[in-house]
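Down below is the structure, laid out as structure tokens.
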Amino acid sequence: MRYPENYSVIVIGGGHAGTEAALASARMGVKTLLLTHNIETLGQMSCNPAIGGIGKGHLVKEIDALGGAMAQAIDRAGIQFRTLNASKGPAVRATRAQADRALYKSAIREMLENQPNLTIFQNAVVDLIVEQNKVIGVKTQMGLDFYAPAVVLTVGTFLGGLIHIGMQNHSGGRAGDPPSIALAERLRELPFRVDRLKTGTPPRIDAKSVDFSVMEEQPGDNPVPTFSFMGTADQHPRQISCWITHTNESTHDIIRGGLDRSPMYSGVIEGVGPRYCPSIEDKIMRFSDKNSHQIFVEPEGLNSHELYPNGISTSLPFDVQMDLVRSIKGFENAHITRPGYAIEYDYFDPRDLKASLETKFIDGLFFAGQINGTTGYEEAGAQGLIAGMNAALQTQGKDAWSPRRDEAYIGVLIDDLITRGTQEPYRMFTSRAEYRLILREDNADLRLTEKGHELGLINDSRWQAFSEKKEAIERETTRIKNLVVQPDSAAGQQLNKQLEKPLSRAYKGEELLRRPDITYAGLMALPGMLEEKVADKVAEQVEIQIKYSGYIDRQKDEIERSLRNENTALPKDLDYSQVKGLSNEVVQKLMNIKPETIGQASRVSGVTPAAISLLLVHLKKRQ
Ligand code: FAD
């Protein structure tokens with residue numbers, strides 16, 4: 001049966017990618033349908049109940065700067081917040097929050113249900129309706145057909161999902177959820193490159209059976225950070241501690257003893273697992289010289305007794321899981337509430353995607369999230385937002401947009417995926433970005449909110465708050481630049497008492513602030529320096545922008561130079577074998593990836609600056 005209503009954008013899947021995609025499309029005023037297996041699992045965290053961390057926190061702030069949901073949801077659901085790398089430079093500082101799983105899900109669901117232009121329907125999608133290489137709708141399990149000119153597919157680990165616990169395995173999307181077999185089979189008929197990846201999760205433990213007195217307590221930060229640029233600390237629920245314990249030699253012996261029944265080490269699992277989030281059996285084998293590994297014992301929620309032991313993800317048989325858990329300090333009498341498991345699933349080679357996340361083979365079909373080979377809620381959410389937004393832009397007849405590598409970690413993520421592909425689950429790190437000093441968590445709004453507003457992603461209250469903040473930063477920066485401190489003034493004399501080398505002449509405020517031993521707060525504490533107290537977030541920006549201005553300007557110059565040919569388009573039909581001087585290897589690589597721009601081509605591994613010059617000459621001749 002054909003559903004009586006037509007939509008402009010259909011999003012399949014209500015995980016982290018799907019919810020951001022649906023919200024972004026609907027925020028832009030486009031009639032959007034979110035189709036998912038189960039409304040109760042909207043926004044479900046399949047693995048660790050936490051958002052953010054190094055690199056990932058940057059993505060969350062960028063999602064927020066573009067009006068997305070993740071940061072606002074974690075502000076309402078976070079039960080322990082920390083700023084990681086707080087003592088290091090601002091580029092690598094990152095926010096992380098432990099989530100109450102139930103509160104997170106309900107925050108996401110509330111946002112979805114209250115979003116104008118968005119309709120939700122619960123049913124599994126089993127097929128895509130494709131006509132002449134263009135998607136026009138989807139078919140669901142109950143025989144309903146929904147029509148739309150753009151479809152965003154965000155089905156996570158569900159495609160051909162196979163769950164392993166020891167030598168036993170069964171089909172599943174994640175524990176307790178059905179897999180998407182029919183859809184996986186259908187997608188394998190389309191011309192995408194498909195492969196298998198694997199991820200895993202630890203057993204969960206009943207807190208009532210744990211001895212916390214022998215563990216190290218890890219409280220959150222005080223004052224409690226917020227994630228969203230619109231967030232306030234009073235939105236947070238009650239804050240609680242996490243705990244730290246360790247594996248030991250006995251744990252490692254138990255694991256080694258169970259490896260013959262490990263699906264990973266006996267060859268049952270074919271998919272490649274996440275290198276940076278390995279299972280405990282992987283850690284024991286890869287780092288055999290280490291006799292202990294740290295475990296963060298994380299609460300699953302304020303009203304839950306379940307604990308998430310972060311660091312012992314495993315697919316060993318259940319009896320081995322019990323023994324290994326009980327060999328750990330504090331877990332001697334632990335009761336496992338859910339076993340750990342690994343899951344293998346289909347993913348698509350992201351090199352078959354455009355920067356908009358539209359597939360290269362089927363017009364109007366966008367892919368986002370774990371199906372593109374990534375791992376993590378933040379990576380999924382970031383792609384979801386971009387795919388949902390571009391699906392909406394396409395139905396509005398507008399050009400696609402995706403941030404560049406120098407504009408956002410989201411740009412780094414997408415460019416890495418579509419240019420280099422991935423052979424293992426991809427997660428974000430700050431080390432993946434070339435321009436870390438520009439791509440900070442603290443300035444994500446200054447980098448992206450104006451663009452988000454232009455695209456229709458930003459609501460009025462966020463726009464007003466952003467505009468006021470931006471103006472305040474500009475005003476205060478100008479004021480500091482024009483401040484003068486004379487050595488014999490009251491401020492100068494007080495400062496001289498604090499400095500090793502006293503001031504010998506009049507100094508401008510910005511010169512003083514650039515010195516490592518003078519902070520914005522310190523400068524404002526001097527007599528006559530403070531005119532009007534500015535918000536902490538404004539002061540933070542003024543301080544960072546002035547203190548690091550030398551480095552920031554140098555990075556901006558570098559970006560400008562690298563951008564000269566970045567956006568020069570490469571025609572879709574370009575026959576690289578006709579480009580004089582290109583090696584066969586480079587021709588093959590470029591034919592394979594079909595980069596959209598010179599910038600993208602230059603980042604394909606093996607494509608040298610000389611090859612780029614040849615391409616530019618060829619393009620000139622074609623004109
Ligand atoms: P998901 O969050 O999986 O959402 C997929 C959605 O699609 C679900 O709502 C589902 O119901 C729906 N759906 C699926 N098929 C259909 C269909 N046919 N029709 C309609 N709806 C459908 N990440 C980490 O960063 N670290 C980890 O250690 C980690 N471990 C993990 C362990 C396990 C066991 C699993 C399952 C995931 C793990 N992840 C981990 C990954 C993290 O959960 C995902 O990266 C993230 O949830 C991906 O978001 P997504 O939106 O792409 O997919």
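Starting from 1 in every chain, residues are counted up; chains themselves are A, B, ... following the order of the structure tokens, and ligands are numbered from 1 as listed.
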
Could you pull the residues within 12 Å of range 498-515 of chain A, counting only C-alpha atoms, minus those fewer than 5 positions along the same chain, as a PyMOL selection string?
-> chain A and resi 476-489+491-493+520-524+526+529-530+539+542-551

Contacts of Ile181 in chain A at 12 Å (only C-alpha atoms; same-chain gap of 2+ positions) as a PyMOL selection string | chain A and resi 124-127+141+155+157-162+171-173+178-179+183-188+345-346

Residues as selected, C-alpha atoms, written as a PDB file, in the first residue's frame, can you do that?
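part.pdb, written as the output of this step:
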```
ATOM      1  CA  ALA A 124      11.507  -1.768   9.576  1.00  0.00           C
ATOM      2  CA  VAL A 125      12.516  -0.715   6.070  1.00  0.00           C
ATOM      3  CA  VAL A 126      13.120  -3.745   3.846  1.00  0.00           C
ATOM      4  CA  ASP A 127      13.725  -2.173   0.443  1.00  0.00           C
ATOM      5  CA  GLN A 141       8.142  -4.709   6.474  1.00  0.00           C
ATOM      6  CA  VAL A 155      21.031   1.802  10.023  1.00  0.00           C
ATOM      7  CA  THR A 157      25.402  -2.091  12.898  1.00  0.00           C
ATOM      8  CA  PHE A 158      22.115  -3.664  11.811  1.00  0.00           C
ATOM      9  CA  LEU A 159      22.937  -4.645   8.199  1.00  0.00           C
ATOM     10  CA  GLY A 160      23.555  -8.371   8.226  1.00  0.00           C
ATOM     11  CA  GLY A 161      24.332  -8.024  11.961  1.00  0.00           C
ATOM     12  CA  LEU A 162      25.819 -11.171  13.538  1.00  0.00           C
ATOM     13  CA  SER A 171      21.705 -12.690  13.936  1.00  0.00           C
ATOM     14  CA  GLY A 172      20.936  -9.371  15.639  1.00  0.00           C
ATOM     15  CA  GLY A 173      21.222  -5.605  15.119  1.00  0.00           C
ATOM     16  CA  PRO A 178      16.574  -7.628  15.190  1.00  0.00           C
ATOM     17  CA  PRO A 179      19.085  -7.363  12.331  1.00  0.00           C
ATOM     18  CA  LEU A 183      17.623  -4.516   3.469  1.00  0.00           C
ATOM     19  CA  ALA A 184      21.233  -5.751   3.618  1.00  0.00           C
ATOM     20  CA  GLU A 185      20.554  -8.224   0.811  1.00  0.00           C
ATOM     21  CA  ARG A 186      18.876  -5.550  -1.291  1.00  0.00           C
ATOM     22  CA  LEU A 187      21.759  -3.113  -0.783  1.00  0.00           C
ATOM     23  CA  ARG A 188      24.254  -5.776  -1.825  1.00  0.00           C
ATOM     24  CA  TYR A 345      28.002  -6.017  10.251  1.00  0.00           C
ATOM     25  CA  ASP A 346      28.065  -4.747   6.667  1.00  0.00           C
TER      26      ASP A 346
END
```

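The closest residue to Leu259 in chain A, picked from A:His58, A:Arg275, A:Ser228, A:Met167 and counting only C-alpha atoms, is A:Met167.
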
Can you pull out every residue within 10 Å of Asn565 in chain A, counting only C-alpha atoms, but drop anything in the same chain fewer than 5 positions away, and send it as an MDAnalysis selection string?
-> chainID A and resid 560 597:599 602 612 616

DSSP on the backbone, then: every residue of range 440-555 of chain A marked strand (DSSP E), written as an MDAnalysis selection string.
-> chainID A and resid 484:485 507:508

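Using only C-alpha atoms, the residues found no farther than 9 Å from Leu112 in chain A, other than those of its own chain fewer than 4 positions away, are Thr19, Ala22, Leu23, Leu42, Ala107, Ile108, Pro116, Leu118, Thr119 and Ile120 of chain A.
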
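When only C-alpha atoms are used to measure the gap to Lys354 in chain A, the shortest distance among A:Pro90, A:Gly156, A:Gly257, A:Gly421 belongs to A:Gly421.
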
Please give the complete set of residues from range 523-581 of chain A that DSSP, run on the backbone, assigns to alpha helix (DSSP H), formatted as a compact mmCIF listing (two decimals) with N, CA and C atoms, in the first residue's frame.
```txt
# COMPACT_ATOMS: atom_id res chain seq x y z
N LEU A 523 44.96 40.31 34.34
CA LEU A 523 45.01 41.66 33.78
C LEU A 523 43.82 42.49 34.29
N MET A 524 42.66 41.84 34.31
CA MET A 524 41.45 42.57 34.73
C MET A 524 41.46 42.88 36.23
N ASP A 536 32.01 34.70 31.09
CA ASP A 536 33.23 33.86 31.09
C ASP A 536 33.58 33.38 29.68
N LYS A 537 32.54 33.03 28.90
CA LYS A 537 32.80 32.48 27.55
C LYS A 537 33.39 33.56 26.64
N VAL A 538 33.01 34.81 26.88
CA VAL A 538 33.56 35.93 26.09
C VAL A 538 35.01 36.14 26.50
N ALA A 539 35.25 36.16 27.81
CA ALA A 539 36.62 36.36 28.32
C ALA A 539 37.55 35.26 27.78
N GLU A 540 37.04 34.03 27.77
CA GLU A 540 37.85 32.89 27.30
C GLU A 540 38.29 33.10 25.84
N GLN A 541 37.34 33.56 25.01
CA GLN A 541 37.67 33.78 23.59
C GLN A 541 38.68 34.90 23.42
N VAL A 542 38.45 36.00 24.15
CA VAL A 542 39.35 37.15 24.04
C VAL A 542 40.76 36.69 24.41
N GLU A 543 40.87 35.95 25.50
CA GLU A 543 42.17 35.50 25.97
C GLU A 543 42.85 34.59 24.95
N ILE A 544 42.12 33.58 24.47
CA ILE A 544 42.73 32.61 23.53
C ILE A 544 43.12 33.32 22.23
N GLN A 545 42.19 34.15 21.72
CA GLN A 545 42.46 34.79 20.43
C GLN A 545 43.67 35.71 20.49
N ILE A 546 43.84 36.42 21.62
CA ILE A 546 44.99 37.33 21.72
C ILE A 546 46.26 36.54 22.06
N LYS A 547 46.16 35.64 23.03
CA LYS A 547 47.35 34.92 23.48
C LYS A 547 48.00 34.11 22.35
N SER A 549 47.53 34.57 19.07
CA SER A 549 47.29 35.20 17.76
C SER A 549 48.43 34.94 16.76
N GLY A 550 49.66 34.87 17.25
CA GLY A 550 50.79 34.62 16.34
C GLY A 550 50.64 33.28 15.64
N TYR A 551 50.39 32.23 16.44
CA TYR A 551 50.24 30.88 15.88
C TYR A 551 48.99 30.79 15.00
N ILE A 552 47.91 31.42 15.48
CA ILE A 552 46.65 31.35 14.74
C ILE A 552 46.82 32.01 13.37
N ASP A 553 47.48 33.18 13.35
CA ASP A 553 47.67 33.88 12.07
C ASP A 553 48.52 33.05 11.12
N ARG A 554 49.55 32.39 11.68
CA ARG A 554 50.40 31.56 10.82
C ARG A 554 49.57 30.42 10.21
N GLN A 555 48.71 29.81 11.02
CA GLN A 555 47.90 28.71 10.50
C GLN A 555 46.90 29.23 9.45
N LYS A 556 46.40 30.44 9.67
CA LYS A 556 45.45 31.01 8.69
C LYS A 556 46.15 31.23 7.35
N ASP A 557 47.42 31.68 7.40
CA ASP A 557 48.19 31.88 6.16
C ASP A 557 48.36 30.56 5.42
N GLU A 558 48.70 29.53 6.21
CA GLU A 558 48.88 28.19 5.62
C GLU A 558 47.60 27.73 4.92
N ILE A 559 46.47 27.97 5.61
CA ILE A 559 45.18 27.55 5.05
C ILE A 559 44.94 28.29 3.74
N GLU A 560 45.20 29.59 3.76
CA GLU A 560 44.96 30.40 2.56
C GLU A 560 45.76 29.86 1.37
N ARG A 561 47.02 29.52 1.66
CA ARG A 561 47.88 29.01 0.58
C ARG A 561 47.32 27.68 0.06
N SER A 562 46.93 26.81 0.99
CA SER A 562 46.48 25.48 0.55
C SER A 562 45.13 25.54 -0.14
```

Mind checking which residues fall within 8 Å of Glu424 in chain A, counting only C-alpha atoms, ignoring those fewer than 2 positions away in the same chain, and posting them as a ChimeraX atom specification?
-> /A:197,272-275,373,422,426

Show which residues sit within 9 Å of range 293-296 of chain A, as a ChimeraX atom specification. Count only C-alpha atoms, and ignore same-chain residues fewer than 2 positions away.
-> /A:218,242-248,280,283-284,290-291,298,308-312

All residues 12 Å or closer to Gln168 in chain A, only C-alpha atoms, same chain fewer than 3 positions away omitted, as a PDB file with N, CA and C atoms, in the first residue's frame:
```pdb
ATOM      1  N   LEU A 162      25.610  -9.832  12.993  1.00  0.00           N
ATOM      2  CA  LEU A 162      25.819 -11.171  13.538  1.00  0.00           C
ATOM      3  C   LEU A 162      26.517 -11.008  14.887  1.00  0.00           C
ATOM      4  N   ILE A 163      25.819 -11.448  15.953  1.00  0.00           N
ATOM      5  CA  ILE A 163      26.327 -11.271  17.322  1.00  0.00           C
ATOM      6  C   ILE A 163      27.089 -12.521  17.769  1.00  0.00           C
ATOM      7  N   HIS A 164      28.265 -12.311  18.355  1.00  0.00           N
ATOM      8  CA  HIS A 164      29.091 -13.447  18.807  1.00  0.00           C
ATOM      9  C   HIS A 164      29.311 -13.376  20.312  1.00  0.00           C
ATOM     10  N   ILE A 165      29.072 -14.507  20.980  1.00  0.00           N
ATOM     11  CA  ILE A 165      29.515 -14.678  22.375  1.00  0.00           C
ATOM     12  C   ILE A 165      30.194 -16.046  22.400  1.00  0.00           C
ATOM     13  N   SER A 171      21.949 -13.955  14.626  1.00  0.00           N
ATOM     14  CA  SER A 171      21.705 -12.690  13.936  1.00  0.00           C
ATOM     15  C   SER A 171      21.095 -11.687  14.900  1.00  0.00           C
ATOM     16  N   ARG A 261      38.461 -20.570  22.546  1.00  0.00           N
ATOM     17  CA  ARG A 261      37.014 -20.461  22.304  1.00  0.00           C
ATOM     18  C   ARG A 261      36.626 -19.001  22.011  1.00  0.00           C
ATOM     19  N   SER A 262      37.608 -18.220  21.591  1.00  0.00           N
ATOM     20  CA  SER A 262      37.329 -16.818  21.241  1.00  0.00           C
ATOM     21  C   SER A 262      36.977 -16.746  19.753  1.00  0.00           C
ATOM     22  N   PRO A 263      35.822 -16.156  19.414  1.00  0.00           N
ATOM     23  CA  PRO A 263      35.462 -16.095  17.984  1.00  0.00           C
ATOM     24  C   PRO A 263      36.472 -15.279  17.187  1.00  0.00           C
ATOM     25  N   MET A 264      37.168 -14.360  17.878  1.00  0.00           N
ATOM     26  CA  MET A 264      38.146 -13.529  17.161  1.00  0.00           C
ATOM     27  C   MET A 264      39.404 -14.303  16.851  1.00  0.00           C
ATOM     28  N   VAL A 268      36.479 -17.222  13.586  1.00  0.00           N
ATOM     29  CA  VAL A 268      35.043 -17.176  13.269  1.00  0.00           C
ATOM     30  C   VAL A 268      34.655 -15.767  12.797  1.00  0.00           C
ATOM     31  N   ILE A 269      35.235 -14.743  13.443  1.00  0.00           N
ATOM     32  CA  ILE A 269      34.923 -13.357  13.067  1.00  0.00           C
ATOM     33  C   ILE A 269      35.848 -12.937  11.934  1.00  0.00           C
ATOM     34  N   SER A 315      34.285 -10.767  23.544  1.00  0.00           N
ATOM     35  CA  SER A 315      33.337 -11.720  22.968  1.00  0.00           C
ATOM     36  C   SER A 315      33.727 -13.133  23.396  1.00  0.00           C
ATOM     37  N   LEU A 316      34.483 -13.252  24.502  1.00  0.00           N
ATOM     38  CA  LEU A 316      34.844 -14.578  25.016  1.00  0.00           C
ATOM     39  C   LEU A 316      33.578 -15.275  25.534  1.00  0.00           C
ATOM     40  N   PRO A 317      33.628 -16.612  25.675  1.00  0.00           N
ATOM     41  CA  PRO A 317      32.439 -17.319  26.171  1.00  0.00           C
ATOM     42  C   PRO A 317      32.048 -16.817  27.565  1.00  0.00           C
ATOM     43  N   PHE A 318      30.773 -17.005  27.918  1.00  0.00           N
ATOM     44  CA  PHE A 318      30.257 -16.409  29.145  1.00  0.00           C
ATOM     45  C   PHE A 318      31.003 -16.891  30.389  1.00  0.00           C
ATOM     46  N   TYR A 341      29.594  -8.881  24.161  1.00  0.00           N
ATOM     47  CA  TYR A 341      29.507  -9.569  22.870  1.00  0.00           C
ATOM     48  C   TYR A 341      30.200  -8.747  21.799  1.00  0.00           C
ATOM     49  N   ALA A 342      30.457  -9.414  20.671  1.00  0.00           N
ATOM     50  CA  ALA A 342      30.969  -8.691  19.497  1.00  0.00           C
ATOM     51  C   ALA A 342      29.901  -8.763  18.423  1.00  0.00           C
ATOM     52  N   ILE A 343      29.901  -7.783  17.555  1.00  0.00           N
ATOM     53  CA  ILE A 343      28.945  -7.824  16.440  1.00  0.00           C
ATOM     54  C   ILE A 343      29.661  -7.515  15.132  1.00  0.00           C
TER      55      ILE A 343
END
```

Just how far from CA of Leu455 in chain A is CA of Ala148 in chain A, in Å to one decimal?
-> 20.9 Å

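Here CA of Val320 in chain A and atom 31 (C, counted along the ligand's line) of ligand 1 stand 20.1 Å from one another.
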
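For the atom pair formed by CA of Val135 in chain A and CA of Gln588 in chain A, the distance is 29.1 Å, given to one decimal.
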
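Nearest-residue note for Arg432 in chain A: choosing from A:Leu446, A:Val412, A:Val130, A:Ile386, the minimum distance belongs to A:Val412, counting only C-alpha atoms.
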